[in-house]
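Q: Coordinates in coords_33.txt, compact mmCIF, C-alpha atoms, are listed below.
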# COMPACT_ATOMS: atom_id res chain seq x y z
CA MET A 1 -28.88 88.29 200.80
CA GLU A 2 -26.73 89.96 198.17
CA ARG A 3 -28.27 89.79 194.72
CA THR A 4 -26.24 88.84 191.69
CA LEU A 5 -25.50 91.50 189.12
CA ASP A 6 -27.88 89.89 186.64
CA GLN A 7 -30.70 89.89 189.17
CA GLN A 8 -30.13 93.53 189.94
CA LEU A 9 -30.06 94.50 186.27
CA GLY A 10 -33.24 92.47 185.75
CA ARG A 11 -34.96 94.40 188.53
CA ILE A 12 -33.86 97.71 187.05
CA ARG A 13 -35.22 96.65 183.66
CA GLN A 14 -38.55 95.77 185.28
CA SER A 15 -38.75 99.13 187.04
CA LEU A 16 -38.03 100.98 183.82
CA LEU A 17 -40.70 99.06 181.94
CA LYS A 18 -43.18 99.75 184.69
CA MET A 19 -42.38 103.43 184.37
CA GLY A 20 -42.75 103.23 180.59
CA GLY A 21 -46.19 101.67 180.99
CA MET A 22 -47.25 104.40 183.41
CA VAL A 23 -46.13 107.16 181.07
CA GLU A 24 -47.82 105.54 178.08
CA GLN A 25 -51.04 105.41 180.07
CA MET A 26 -50.73 109.06 181.06
CA ILE A 27 -50.37 110.18 177.44
CA ASP A 28 -53.27 107.99 176.40
CA GLN A 29 -55.57 109.27 179.14
CA ALA A 30 -54.64 112.91 178.60
CA MET A 31 -55.61 112.57 174.93
CA ARG A 32 -58.80 110.70 175.82
CA GLY A 33 -59.70 113.62 178.06
CA LEU A 34 -59.52 115.78 174.95
CA LEU A 35 -61.18 113.53 172.41
CA GLU A 36 -63.96 112.30 174.70
CA ARG A 37 -64.22 115.71 176.44
CA GLU A 38 -63.97 113.92 179.76
CA ASP A 39 -62.25 115.94 182.50
CA ALA A 40 -61.79 112.96 184.81
CA TYR A 41 -59.12 111.49 182.55
CA ALA A 42 -57.12 114.72 182.51
CA GLU A 43 -57.60 115.33 186.21
CA SER A 44 -55.94 112.04 187.13
CA ILE A 45 -52.69 112.88 185.32
CA PRO A 46 -50.87 115.03 187.93
CA ARG A 47 -51.37 112.31 190.53
CA GLN A 48 -49.94 109.70 188.17
CA ASP A 49 -47.02 112.02 187.48
CA LEU A 50 -46.08 111.97 191.17
CA ASP A 51 -45.74 108.20 190.95
CA VAL A 52 -43.60 108.54 187.85
CA ASP A 53 -41.37 111.09 189.57
CA ARG A 54 -40.94 108.76 192.53
CA LEU A 55 -40.06 105.86 190.28
CA GLU A 56 -37.52 108.00 188.43
CA LEU A 57 -35.64 108.60 191.68
CA GLU A 58 -35.81 104.92 192.61
CA ILE A 59 -34.43 103.80 189.27
CA ASP A 60 -31.54 106.26 189.40
CA GLU A 61 -30.83 105.10 192.92
CA GLN A 62 -30.82 101.45 191.82
CA CYS A 63 -28.43 102.29 188.98
CA ASN A 64 -26.11 104.18 191.29
CA THR A 65 -26.05 101.31 193.74
CA VAL A 66 -25.06 98.84 191.06
CA LEU A 67 -22.45 101.21 189.64
CA VAL A 68 -20.83 101.63 193.03
CA ARG A 69 -21.05 98.03 194.25
CA ASN A 70 -20.50 96.04 191.12
CA GLN A 71 -18.46 98.37 188.92
CA PRO A 72 -19.85 96.70 185.82
CA ALA A 73 -18.07 96.90 182.47
CA ALA A 74 -18.88 96.85 178.75
CA ILE A 75 -22.47 95.87 177.94
CA ASP A 76 -23.67 96.06 181.55
CA LEU A 77 -22.24 99.54 181.91
CA ARG A 78 -23.84 100.60 178.62
CA PHE A 79 -27.12 99.15 179.89
CA LEU A 80 -26.95 101.26 183.06
CA VAL A 81 -26.02 104.44 181.21
CA ALA A 82 -28.89 103.81 178.78
CA VAL A 83 -31.32 103.18 181.63
CA MET A 84 -30.39 106.46 183.33
CA LYS A 85 -30.97 108.36 180.10
CA ILE A 86 -34.21 106.57 179.23
CA ASN A 87 -35.39 107.13 182.79
CA ASN A 88 -34.90 110.85 182.32
CA ASP A 89 -36.71 110.89 178.98
CA LEU A 90 -39.67 108.99 180.40
CA GLU A 91 -39.95 111.41 183.30
CA ARG A 92 -40.04 114.33 180.87
CA MET A 93 -42.69 112.61 178.79
CA GLY A 94 -44.72 112.44 181.99
CA ASP A 95 -44.29 116.22 182.36
CA SER A 96 -45.52 116.67 178.79
CA ALA A 97 -48.59 114.56 179.58
CA VAL A 98 -49.26 116.88 182.55
CA ASN A 99 -49.00 119.89 180.23
CA ILE A 100 -51.41 118.27 177.79
CA ALA A 101 -53.86 117.53 180.60
CA GLN A 102 -53.78 121.19 181.67
CA SER A 103 -54.62 122.32 178.14
CA VAL A 104 -57.38 119.71 177.93
CA LEU A 105 -59.04 121.00 181.09
CA GLN A 106 -59.02 124.52 179.60
CA LEU A 107 -60.40 123.30 176.29
CA ASN A 108 -63.19 121.25 177.84
CA GLN A 109 -64.62 124.41 179.38
CA GLU A 110 -65.54 125.76 175.95
CA PRO A 111 -67.41 124.34 172.96
CA PRO A 112 -65.14 122.15 170.81
CA LEU A 113 -63.20 123.96 168.10
CA LYS A 114 -63.74 122.19 164.76
CA PRO A 115 -62.71 118.58 164.50
CA TYR A 116 -59.27 118.27 165.99
CA LEU A 117 -57.59 117.97 162.61
CA ASP A 118 -54.53 115.80 162.70
CA LEU A 119 -54.10 115.87 166.46
CA PRO A 120 -55.43 112.32 167.06
CA ARG A 121 -53.23 110.98 164.27
CA MET A 122 -50.22 112.79 165.69
CA SER A 123 -50.93 111.40 169.14
CA GLU A 124 -51.31 107.86 167.84
CA ARG A 125 -47.97 108.04 166.02
CA ALA A 126 -46.22 109.52 169.04
CA GLN A 127 -47.60 106.80 171.32
CA THR A 128 -46.48 104.12 168.88
CA MET A 129 -42.99 105.61 168.90
CA VAL A 130 -42.88 105.52 172.68
CA HIS A 131 -44.04 101.92 172.77
CA GLN A 132 -41.65 100.78 170.04
CA SER A 133 -38.67 102.53 171.59
CA LEU A 134 -39.26 100.62 174.83
CA ASP A 135 -39.83 97.36 172.96
CA ALA A 136 -36.57 97.95 171.15
CA PHE A 137 -34.85 98.40 174.49
CA VAL A 138 -36.25 95.21 176.03
CA ASN A 139 -35.53 93.11 172.96
CA ARG A 140 -32.19 94.80 172.19
CA ASP A 141 -33.62 95.45 168.75
CA ALA A 142 -31.57 98.14 167.01
CA ASP A 143 -33.60 97.76 163.80
CA LEU A 144 -36.82 98.64 165.58
CA ALA A 145 -35.02 101.56 167.21
CA ARG A 146 -34.09 102.81 163.74
CA GLU A 147 -37.76 102.64 162.71
CA VAL A 148 -38.54 104.95 165.60
CA LEU A 149 -35.92 107.42 164.39
CA ALA A 150 -37.48 107.40 160.93
CA ALA A 151 -40.99 107.97 162.29
CA ASP A 152 -39.98 111.25 163.91
CA ASP A 153 -39.91 113.05 160.56
CA GLU A 154 -43.57 112.29 160.04
CA ILE A 155 -44.44 113.74 163.43
CA ASP A 156 -42.55 116.91 162.58
CA ALA A 157 -44.44 117.18 159.30
CA ILE A 158 -47.82 116.79 161.01
CA TYR A 159 -46.81 119.38 163.60
CA LYS A 160 -45.84 121.94 160.95
CA GLN A 161 -49.12 121.45 159.12
CA LEU A 162 -51.14 121.75 162.34
CA PHE A 163 -49.24 124.89 163.24
CA ARG A 164 -50.20 126.55 159.97
CA GLU A 165 -53.84 125.51 160.24
CA LEU A 166 -54.20 126.67 163.82
CA LEU A 167 -52.49 129.97 163.01
CA THR A 168 -55.07 130.53 160.27
CA PHE A 169 -57.91 129.81 162.69
CA MET A 170 -56.51 132.35 165.12
CA ILE A 171 -56.16 135.05 162.49
CA GLU A 172 -59.64 134.45 161.06
CA ASP A 173 -61.58 134.30 164.29
CA PRO A 174 -60.61 136.08 167.54
CA LYS A 175 -63.02 133.82 169.42
CA ALA A 176 -60.95 130.83 168.32
CA VAL A 177 -57.61 132.22 169.53
CA SER A 178 -57.55 130.81 173.02
CA ARG A 179 -58.67 127.33 172.01
CA SER A 180 -56.38 127.21 168.98
CA LEU A 181 -53.48 128.15 171.19
CA GLN A 182 -54.24 125.33 173.62
CA LEU A 183 -54.46 122.86 170.74
CA LEU A 184 -51.14 124.16 169.49
CA LEU A 185 -49.57 123.61 172.89
CA ILE A 186 -50.91 120.05 172.90
CA ALA A 187 -49.37 119.44 169.47
CA ARG A 188 -46.11 120.89 170.72
CA ASN A 189 -46.10 118.52 173.68
CA LEU A 190 -46.81 115.53 171.44
CA GLU A 191 -43.93 116.57 169.23
CA ARG A 192 -41.76 116.72 172.32
CA ILE A 193 -42.90 113.27 173.44
CA ALA A 194 -41.88 111.95 170.03
CA ASP A 195 -38.49 113.64 170.48
CA HIS A 196 -38.01 111.81 173.76
CA ALA A 197 -38.94 108.51 172.07
CA THR A 198 -36.28 109.35 169.49
CA ASN A 199 -33.75 109.91 172.28
CA ILE A 200 -34.65 106.53 173.74
CA ALA A 201 -34.21 104.87 170.35
CA GLU A 202 -30.76 106.43 170.06
CA ASP A 203 -29.88 105.17 173.52
CA VAL A 204 -31.01 101.69 172.52
CA ILE A 205 -28.71 101.70 169.50
CA TYR A 206 -25.84 102.84 171.69
CA TYR A 207 -26.64 100.13 174.22
CA VAL A 208 -26.95 97.35 171.65
CA GLU A 209 -24.22 98.33 169.22
CA GLY A 210 -21.94 100.50 171.34
CA ARG A 211 -22.31 103.17 168.66
CA ASP A 212 -23.48 106.71 169.28
CA VAL A 213 -25.92 107.77 166.55
CA ARG A 214 -27.08 111.02 168.12
CA HIS A 215 -26.95 114.02 165.81
CA ALA A 216 -25.82 111.71 163.01
CA HIS A 217 -28.31 113.35 160.64
CA LYS A 218 -27.06 116.84 161.51
CA LEU A 219 -23.28 116.43 161.75
CA MET B 1 1.02 108.03 178.51
CA GLU B 2 -1.89 106.99 180.67
CA ARG B 3 -3.50 109.94 182.42
CA THR B 4 -4.36 109.82 186.10
CA LEU B 5 -8.00 109.74 187.08
CA ASP B 6 -7.80 113.31 188.39
CA GLN B 7 -6.37 114.55 185.13
CA GLN B 8 -9.12 112.85 183.18
CA LEU B 9 -11.84 114.26 185.41
CA GLY B 10 -10.24 117.69 185.09
CA ARG B 11 -10.37 117.43 181.31
CA ILE B 12 -14.01 116.42 181.41
CA ARG B 13 -14.79 119.38 183.65
CA GLN B 14 -13.05 121.70 181.18
CA SER B 15 -15.01 120.29 178.25
CA LEU B 16 -18.29 120.72 180.09
CA LEU B 17 -17.48 124.32 180.97
CA LYS B 18 -16.55 125.03 177.38
CA MET B 19 -19.91 123.63 176.32
CA GLY B 20 -21.66 125.74 178.95
CA GLY B 21 -19.95 128.86 177.61
CA MET B 22 -21.01 128.02 174.07
CA VAL B 23 -24.63 127.50 175.06
CA GLU B 24 -24.70 130.72 177.10
CA GLN B 25 -23.42 132.59 174.07
CA MET B 26 -26.05 131.01 171.81
CA ILE B 27 -28.89 132.11 174.10
CA ASP B 28 -27.41 135.58 174.38
CA GLN B 29 -26.99 135.98 170.62
CA ALA B 30 -30.43 134.60 169.80
CA MET B 31 -31.99 137.19 172.11
CA ARG B 32 -29.79 139.96 170.69
CA GLY B 33 -31.07 139.02 167.26
CA LEU B 34 -34.55 139.80 168.60
CA LEU B 35 -33.84 142.92 170.63
CA GLU B 36 -31.50 144.53 168.09
CA ARG B 37 -33.51 143.17 165.14
CA GLU B 38 -30.28 141.83 163.70
CA ASP B 39 -30.67 138.62 161.68
CA ALA B 40 -26.96 137.86 161.62
CA TYR B 41 -26.99 136.95 165.31
CA ALA B 42 -29.86 134.51 164.88
CA GLU B 43 -28.45 133.06 161.68
CA SER B 44 -25.24 131.98 163.38
CA ILE B 45 -27.04 129.83 165.97
CA PRO B 46 -27.61 126.57 164.05
CA ARG B 47 -23.91 126.44 163.16
CA GLN B 48 -22.97 126.91 166.79
CA ASP B 49 -25.44 124.19 167.72
CA LEU B 50 -23.55 121.69 165.57
CA ASP B 51 -20.44 122.38 167.65
CA VAL B 52 -22.44 121.89 170.83
CA ASP B 53 -23.82 118.59 169.54
CA ARG B 54 -20.32 117.40 168.71
CA LEU B 55 -19.04 118.36 172.12
CA GLU B 56 -21.95 116.54 173.78
CA LEU B 57 -20.86 113.29 172.12
CA GLU B 58 -17.22 113.85 173.06
CA ILE B 59 -18.06 114.47 176.71
CA ASP B 60 -20.23 111.36 176.96
CA GLU B 61 -17.44 109.41 175.31
CA GLN B 62 -14.90 110.74 177.79
CA CYS B 63 -17.18 109.80 180.70
CA ASN B 64 -17.71 106.31 179.34
CA THR B 65 -13.99 105.81 178.92
CA VAL B 66 -13.30 106.76 182.52
CA LEU B 67 -16.18 104.63 183.79
CA VAL B 68 -14.85 101.57 181.98
CA ARG B 69 -11.13 102.05 182.64
CA ASN B 70 -11.06 103.49 186.11
CA GLN B 71 -14.27 102.21 187.68
CA PRO B 72 -14.39 105.23 189.98
CA ALA B 73 -16.36 105.18 193.23
CA ALA B 74 -18.21 107.61 195.51
CA ILE B 75 -17.64 111.29 194.71
CA ASP B 76 -15.90 110.61 191.38
CA LEU B 77 -18.75 108.41 190.25
CA ARG B 78 -21.27 111.05 191.31
CA PHE B 79 -19.24 113.60 189.39
CA LEU B 80 -19.43 111.50 186.21
CA VAL B 81 -23.14 110.83 186.56
CA ALA B 82 -23.72 114.56 187.14
CA VAL B 83 -21.61 115.46 184.10
CA MET B 84 -23.59 113.13 181.83
CA LYS B 85 -26.84 114.69 183.01
CA ILE B 86 -25.61 118.27 182.79
CA ASN B 87 -24.20 117.51 179.35
CA ASN B 88 -27.66 116.45 178.23
CA ASP B 89 -29.33 119.53 179.70
CA LEU B 90 -26.83 121.84 178.02
CA GLU B 91 -27.40 120.19 174.67
CA ARG B 92 -31.14 120.71 175.02
CA MET B 93 -30.62 124.34 175.96
CA GLY B 94 -28.75 124.64 172.68
CA ASP B 95 -31.81 123.24 170.90
CA SER B 96 -33.98 125.83 172.63
CA ALA B 97 -31.62 128.58 171.46
CA VAL B 98 -32.04 127.25 167.90
CA ASN B 99 -35.83 127.40 168.32
CA ILE B 100 -35.59 130.97 169.59
CA ALA B 101 -33.41 131.94 166.65
CA GLN B 102 -35.99 130.52 164.22
CA SER B 103 -38.74 132.61 165.82
CA VAL B 104 -36.48 135.68 165.75
CA LEU B 105 -35.89 135.34 162.02
CA GLN B 106 -39.66 135.19 161.48
CA LEU B 107 -40.25 138.19 163.72
CA ASN B 108 -37.59 140.34 162.09
CA GLN B 109 -39.43 140.12 158.79
CA GLU B 110 -42.31 142.18 160.18
CA PRO B 111 -42.52 145.47 162.04
CA PRO B 112 -41.87 145.05 165.75
CA LEU B 113 -44.90 144.23 167.88
CA LYS B 114 -45.07 146.66 170.80
CA PRO B 115 -42.16 146.72 173.21
CA TYR B 116 -41.29 143.17 174.05
CA LEU B 117 -42.85 143.36 177.50
CA ASP B 118 -41.09 141.18 180.02
CA LEU B 119 -39.23 139.07 177.50
CA PRO B 120 -35.82 140.75 178.02
CA ARG B 121 -36.20 140.46 181.78
CA MET B 122 -37.16 136.81 181.47
CA SER B 123 -34.16 136.13 179.25
CA GLU B 124 -31.80 137.89 181.63
CA ARG B 125 -33.03 135.83 184.58
CA ALA B 126 -32.82 132.59 182.62
CA GLN B 127 -29.27 133.35 181.52
CA THR B 128 -28.27 134.15 185.09
CA MET B 129 -29.70 130.80 186.19
CA VAL B 130 -27.67 128.97 183.55
CA HIS B 131 -24.50 130.75 184.55
CA GLN B 132 -25.04 130.23 188.27
CA SER B 133 -25.88 126.56 187.88
CA LEU B 134 -22.54 126.01 186.12
CA ASP B 135 -20.68 128.13 188.68
CA ALA B 136 -22.28 126.03 191.40
CA PHE B 137 -21.01 122.91 189.65
CA VAL B 138 -17.43 124.13 189.29
CA ASN B 139 -17.25 125.41 192.85
CA ARG B 140 -19.22 122.52 194.35
CA ASP B 141 -21.49 125.18 195.80
CA ALA B 142 -24.79 123.60 196.88
CA ASP B 143 -26.03 126.91 198.32
CA LEU B 144 -25.71 128.64 194.97
CA ALA B 145 -27.45 125.67 193.38
CA ARG B 146 -30.36 126.20 195.79
CA GLU B 147 -30.58 129.85 194.72
CA VAL B 148 -31.04 128.65 191.17
CA LEU B 149 -33.90 126.40 192.24
CA ALA B 150 -35.59 129.35 193.95
CA ALA B 151 -35.21 131.59 190.89
CA ASP B 152 -37.24 129.21 188.72
CA ASP B 153 -40.50 130.29 190.38
CA GLU B 154 -39.93 133.84 189.20
CA ILE B 155 -39.41 132.69 185.64
CA ASP B 156 -42.64 130.71 185.77
CA ALA B 157 -44.47 133.79 187.05
CA ILE B 158 -43.12 135.99 184.25
CA TYR B 159 -44.06 133.34 181.70
CA LYS B 160 -47.64 133.15 182.94
CA GLN B 161 -48.02 136.91 182.79
CA LEU B 162 -46.51 137.08 179.29
CA PHE B 163 -48.84 134.31 178.16
CA ARG B 164 -51.90 136.28 179.28
CA GLU B 165 -50.69 139.50 177.68
CA LEU B 166 -49.84 137.88 174.37
CA LEU B 167 -53.15 136.03 174.33
CA THR B 168 -54.93 139.37 174.72
CA PHE B 169 -52.93 140.85 171.83
CA MET B 170 -53.92 137.94 169.63
CA ILE B 171 -57.60 138.23 170.45
CA GLU B 172 -57.66 141.99 169.97
CA ASP B 173 -55.78 142.20 166.69
CA PRO B 174 -55.68 139.47 164.04
CA LYS B 175 -52.66 141.18 162.49
CA ALA B 176 -50.77 140.61 165.74
CA VAL B 177 -51.49 136.88 165.94
CA SER B 178 -48.50 135.54 164.09
CA ARG B 179 -45.98 137.76 165.85
CA SER B 180 -47.54 137.23 169.28
CA LEU B 181 -47.36 133.51 168.74
CA GLN B 182 -43.65 133.68 167.89
CA LEU B 183 -43.00 135.77 171.00
CA LEU B 184 -44.91 133.22 173.02
CA LEU B 185 -42.78 130.42 171.61
CA ILE B 186 -39.66 132.38 172.56
CA ALA B 187 -40.96 132.79 176.10
CA ARG B 188 -41.71 129.09 176.22
CA ASN B 189 -38.16 128.25 175.18
CA LEU B 190 -36.72 130.60 177.79
CA GLU B 191 -38.88 128.92 180.40
CA ARG B 192 -37.51 125.60 179.22
CA ILE B 193 -33.93 126.84 179.41
CA ALA B 194 -34.60 127.86 183.01
CA ASP B 195 -35.96 124.36 183.65
CA HIS B 196 -32.74 122.86 182.37
CA ALA B 197 -30.74 125.18 184.63
CA THR B 198 -32.91 123.90 187.49
CA ASN B 199 -32.08 120.33 186.52
CA ILE B 200 -28.38 121.20 186.56
CA ALA B 201 -28.72 122.77 190.00
CA GLU B 202 -30.37 119.58 191.26
CA ASP B 203 -27.54 117.51 189.79
CA VAL B 204 -25.02 119.75 191.53
CA ILE B 205 -26.70 119.18 194.90
CA TYR B 206 -26.68 115.45 194.28
CA TYR B 207 -23.01 115.59 193.27
CA VAL B 208 -21.94 117.69 196.26
CA GLU B 209 -24.15 116.24 198.97
CA GLY B 210 -25.03 112.82 197.60
CA ARG B 211 -28.67 113.76 198.10
CA ASP B 212 -31.33 113.67 195.42
CA VAL B 213 -33.53 116.77 195.65
CA ARG B 214 -35.46 116.31 192.41
CA HIS B 215 -39.22 116.57 192.74
CA ALA B 216 -38.76 117.44 196.43
CA HIS B 217 -41.23 120.32 196.05
CA LYS B 218 -43.82 118.06 194.47
CA LEU B 219 -43.55 114.81 196.44
Can the structure in the file be given as structure tokens, please?

A:
Amino acid sequence: MERTLDQQLGRIRQSLLKMGGMVEQMIDQAMRGLLEREDAYAESIPRQDLDVDRLELEIDEQCNTVLVRNQPAAIDLRFLVAVMKINNDLERMGDSAVNIAQSVLQLNQEPPLKPYLDLPRMSERAQTMVHQSLDAFVNRDADLAREVLAADDEIDAIYKQLFRELLTFMIEDPKAVSRSLQLLLIARNLERIADHATNIAEDVIYYVEGRDVRHAHKL
Amino acid sequence: MERTLDQQLGRIRQSLLKMGGMVEQMIDQAMRGLLEREDAYAESIPRQDLDVDRLELEIDEQCNTVLVRNQPAAIDLRFLVAVMKINNDLERMGDSAVNIAQSVLQLNQEPPLKPYLDLPRMSERAQTMVHQSLDAFVNRDADLAREVLAADDEIDAIYKQLFRELLTFMIEDPKAVSRSLQLLLIARNLERIADHATNIAEDVIYYVEGRDVRHAHKL
């Protein structure tokens, strides 16, 4: 039986949310692996990433099918374009979670290096941004999307501070170099995850308002 | 006068190639800034990135217009979907070039740290991948796109080796930490640029053959 356009779009929305939930869980577990020094969390990430990759292909396929069969216009078309972009950003967040997990497994082999400074705070903010950007999408909430855009500056500030602190560690103690570097890579991946959440928020605004706000702060 | 669909697609292709050329030049100049220790090259990158950002918006806008007005099917639809994805990858390559330029400006303030190891080779390979992925797109050449996919393994290998060497520098000499770290960040951005070229190659294969090869090596 042929599905109506609305049913198909509803299914695509469900798939995307499922993917969002999976990626959120990956980030959360990768960071738990670090903070609780528990390898098992980190070790499960690559397997979860395979599922995310599979779902990415499925979602793109669903979008293509609807584009070809239904040739939707206006808001439905903007929805599909937004989904394809968000899909891509979620998949890359999954890759970042894999990178974090790799660093965590390295770090857990050595004694912990100081308290992890602002890394947990940075992770918490990044995860909130991811969650809010997806909420904004589901609820067509451009205001919430704008909050996500604003939050990105804070992440960048935490990253810069962490960078300086970790650089100092490395210069002061050669034995801390390898671990500091891994922590820095984790921070970098969190910053990247926040960037992807920002991209999603921009896509939401485009979807809801038909207005492209990308690069608006730079141009 | 209303343009024909072919004319509009031709214009979009031209815009995308223009953007590709701009991004290639940014990467090239950022690396020149490093190898020739010439700040002026690196300093021009953020300005060029603004042009790239603007062009990204224009191209997406052009694609949206065609999608809404012409409701293209089959190969034309695949072309548009590929363009929107490639557009996004090119814009992110531009961001990576900006990151490289920032590191270069830091590095040029201090005496050069050893010869730059495999960094020039890595950059050359990455730039070739970018160029070939765009050539593959223009010429609908799935074989060339597959060559790009194969080349990514080499980039990853060079990156891993560079990582180890720079880590050793950092551990052996605290005065080398800051510079080694900047070189590492440059390598990381080159690796990322190569990843984006890989994405483009995958989009080309999808466009030409209607087959999605993403994650095929992992799944």

Q: So that I can check the surroundings of Asp141 of chain A, please list as number ranges by chain every protein, DNA and RNA residue that reaches within 10 Å of it, counting all atoms listed in the file and ignoring chain neighbours fewer than 3 positions away.

A: A: 132-138, 144-146, 201, 204-205, 208-209

Q: One decimal, in Å: what's the spacing between atom CA of Met122 of chain B and atom CA of Ile158 of chain B?

A: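 Between these atoms lies a distance of 6.6 Å.
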
Q: Counting only C-alpha atoms, what is within 9 Å of Asp173 of chain A, bar same-chain residues fewer than 5 positions away, as number ranges by chain?

A: A: 168; B: 171, 174

Q: Limited to C-alpha atoms, could you put the picked residues into a file as an mmCIF file, keeping the file's coordinate frame?

A:
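For reference, out20.cif as written:
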data_model
loop_
_atom_site.group_PDB
_atom_site.id
_atom_site.type_symbol
_atom_site.label_atom_id
_atom_site.label_comp_id
_atom_site.auth_asym_id
_atom_site.auth_seq_id
_atom_site.Cartn_x
_atom_site.Cartn_y
_atom_site.Cartn_z
ATOM 1 C CA THR A 168 -55.070 130.530 160.270
ATOM 2 C CA ILE B 171 -57.600 138.230 170.450
ATOM 3 C CA PRO B 174 -55.680 139.470 164.040
#

Q: Give one line per residue of chain A that approaches chain B to at most 9 Å, naming the two atoms of the closest pair and their distance in Å to one decimal, counting all atoms listed in the file; sort by chain then ascending residue number and deliver it as JSON lines.

A:
{"residue": "A:Leu50", "atom": "CA", "partner": "B:Leu219", "partner_atom": "CA", "distance": 6.5}
{"residue": "A:Asp51", "atom": "CA", "partner": "B:Leu219", "partner_atom": "CA", "distance": 8.9}
{"residue": "A:Asp53", "atom": "CA", "partner": "B:His215", "partner_atom": "CA", "distance": 6.7}
{"residue": "A:Arg54", "atom": "CA", "partner": "B:Leu219", "partner_atom": "CA", "distance": 7.7}
{"residue": "A:Leu57", "atom": "CA", "partner": "B:Asp212", "partner_atom": "CA", "distance": 7.6}
{"residue": "A:Glu61", "atom": "CA", "partner": "B:Asp212", "partner_atom": "CA", "distance": 8.9}
{"residue": "A:Asn64", "atom": "CA", "partner": "B:Arg78", "partner_atom": "CA", "distance": 8.4}
{"residue": "A:Leu67", "atom": "CA", "partner": "B:Ala73", "partner_atom": "CA", "distance": 8.1}
{"residue": "A:Val68", "atom": "CA", "partner": "B:Ala73", "partner_atom": "CA", "distance": 5.7}
{"residue": "A:Arg69", "atom": "CA", "partner": "B:Ala73", "partner_atom": "CA", "distance": 8.6}
{"residue": "A:Gln71", "atom": "CA", "partner": "B:Gln71", "partner_atom": "CA", "distance": 5.8}
{"residue": "A:Pro72", "atom": "CA", "partner": "B:Val68", "partner_atom": "CA", "distance": 8.0}
{"residue": "A:Ala73", "atom": "CA", "partner": "B:Val68", "partner_atom": "CA", "distance": 5.7}
{"residue": "A:Ala74", "atom": "CA", "partner": "B:Val68", "partner_atom": "CA", "distance": 7.0}
{"residue": "A:Leu77", "atom": "CA", "partner": "B:Val68", "partner_atom": "CA", "distance": 7.7}
{"residue": "A:Arg78", "atom": "CA", "partner": "B:Asn64", "partner_atom": "CA", "distance": 8.4}
{"residue": "A:Val81", "atom": "CA", "partner": "B:Asn64", "partner_atom": "CA", "distance": 8.7}
{"residue": "A:Met84", "atom": "CA", "partner": "B:Lys85", "partner_atom": "CA", "distance": 9.0}
{"residue": "A:Lys85", "atom": "CA", "partner": "B:Lys85", "partner_atom": "CA", "distance": 8.1}
{"residue": "A:Asn88", "atom": "CA", "partner": "B:Lys85", "partner_atom": "CA", "distance": 9.0}
{"residue": "A:Leu167", "atom": "CA", "partner": "B:Ser178", "partner_atom": "CA", "distance": 6.9}
{"residue": "A:Met170", "atom": "CA", "partner": "B:Val177", "partner_atom": "CA", "distance": 6.8}
{"residue": "A:Ile171", "atom": "CA", "partner": "B:Pro174", "partner_atom": "CA", "distance": 4.7}
{"residue": "A:Glu172", "atom": "CA", "partner": "B:Pro174", "partner_atom": "CA", "distance": 7.1}
{"residue": "A:Asp173", "atom": "CA", "partner": "B:Pro174", "partner_atom": "CA", "distance": 7.8}
{"residue": "A:Pro174", "atom": "CA", "partner": "B:Ile171", "partner_atom": "CA", "distance": 4.7}
{"residue": "A:Lys175", "atom": "CA", "partner": "B:Ile171", "partner_atom": "CA", "distance": 7.1}
{"residue": "A:Ala176", "atom": "CA", "partner": "B:Ile171", "partner_atom": "CA", "distance": 8.4}
{"residue": "A:Val177", "atom": "CA", "partner": "B:Ile171", "partner_atom": "CA", "distance": 6.1}
{"residue": "A:Ser178", "atom": "CA", "partner": "B:Leu167", "partner_atom": "CA", "distance": 7.0}
{"residue": "A:Leu181", "atom": "CA", "partner": "B:Leu167", "partner_atom": "CA", "distance": 8.5}
{"residue": "A:Asp212", "atom": "CA", "partner": "B:Leu57", "partner_atom": "CA", "distance": 7.6}
{"residue": "A:Arg214", "atom": "CA", "partner": "B:Leu57", "partner_atom": "CA", "distance": 7.7}
{"residue": "A:His215", "atom": "CA", "partner": "B:Asp53", "partner_atom": "CA", "distance": 6.7}
{"residue": "A:Lys218", "atom": "CA", "partner": "B:Leu50", "partner_atom": "CA", "distance": 7.2}
{"residue": "A:Leu219", "atom": "CA", "partner": "B:Leu50", "partner_atom": "CA", "distance": 6.5}

Q: Just give me the gap between atom CA of Leu190 of chain A and atom CA of Asp152 of chain B in Å, one decimal is fine.

A: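 Those two atoms sit 24.0 Å apart.
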
Q: Name all residues at most 10 Å from Leu35 of chain A (count only C-alpha atoms; drop same-chain ones fewer than 5 positions away) and give them as an mmCIF file with C-alpha atoms, keeping the file's coordinate frame.

A:
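After the write, part.cif holds the following:
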data_model
loop_
_atom_site.group_PDB
_atom_site.id
_atom_site.type_symbol
_atom_site.label_atom_id
_atom_site.label_comp_id
_atom_site.auth_asym_id
_atom_site.auth_seq_id
_atom_site.Cartn_x
_atom_site.Cartn_y
_atom_site.Cartn_z
ATOM 1 C CA GLN A 29 -55.570 109.270 179.140
ATOM 2 C CA ALA A 30 -54.640 112.910 178.600
ATOM 3 C CA VAL A 104 -57.380 119.710 177.930
ATOM 4 C CA ASN A 108 -63.190 121.250 177.840
ATOM 5 C CA PRO A 112 -65.140 122.150 170.810
ATOM 6 C CA PRO A 115 -62.710 118.580 164.500
ATOM 7 C CA TYR A 116 -59.270 118.270 165.990
ATOM 8 C CA LEU A 119 -54.100 115.870 166.460
ATOM 9 C CA PRO A 120 -55.430 112.320 167.060
#

Q: Using all atoms of segment 181-185 of chain A that appear in the file, construct an axis-aligned enclosing box with 5 Å of padding on every side and provide its centre coordinates and edge lengths in Å, rounded to one decimal, as lines of an AutoDock Vina configuration file.

A:
center_x = -52.0
center_y = 125.5
center_z = 171.6
size_x = 14.9
size_y = 15.3
size_z = 14.1
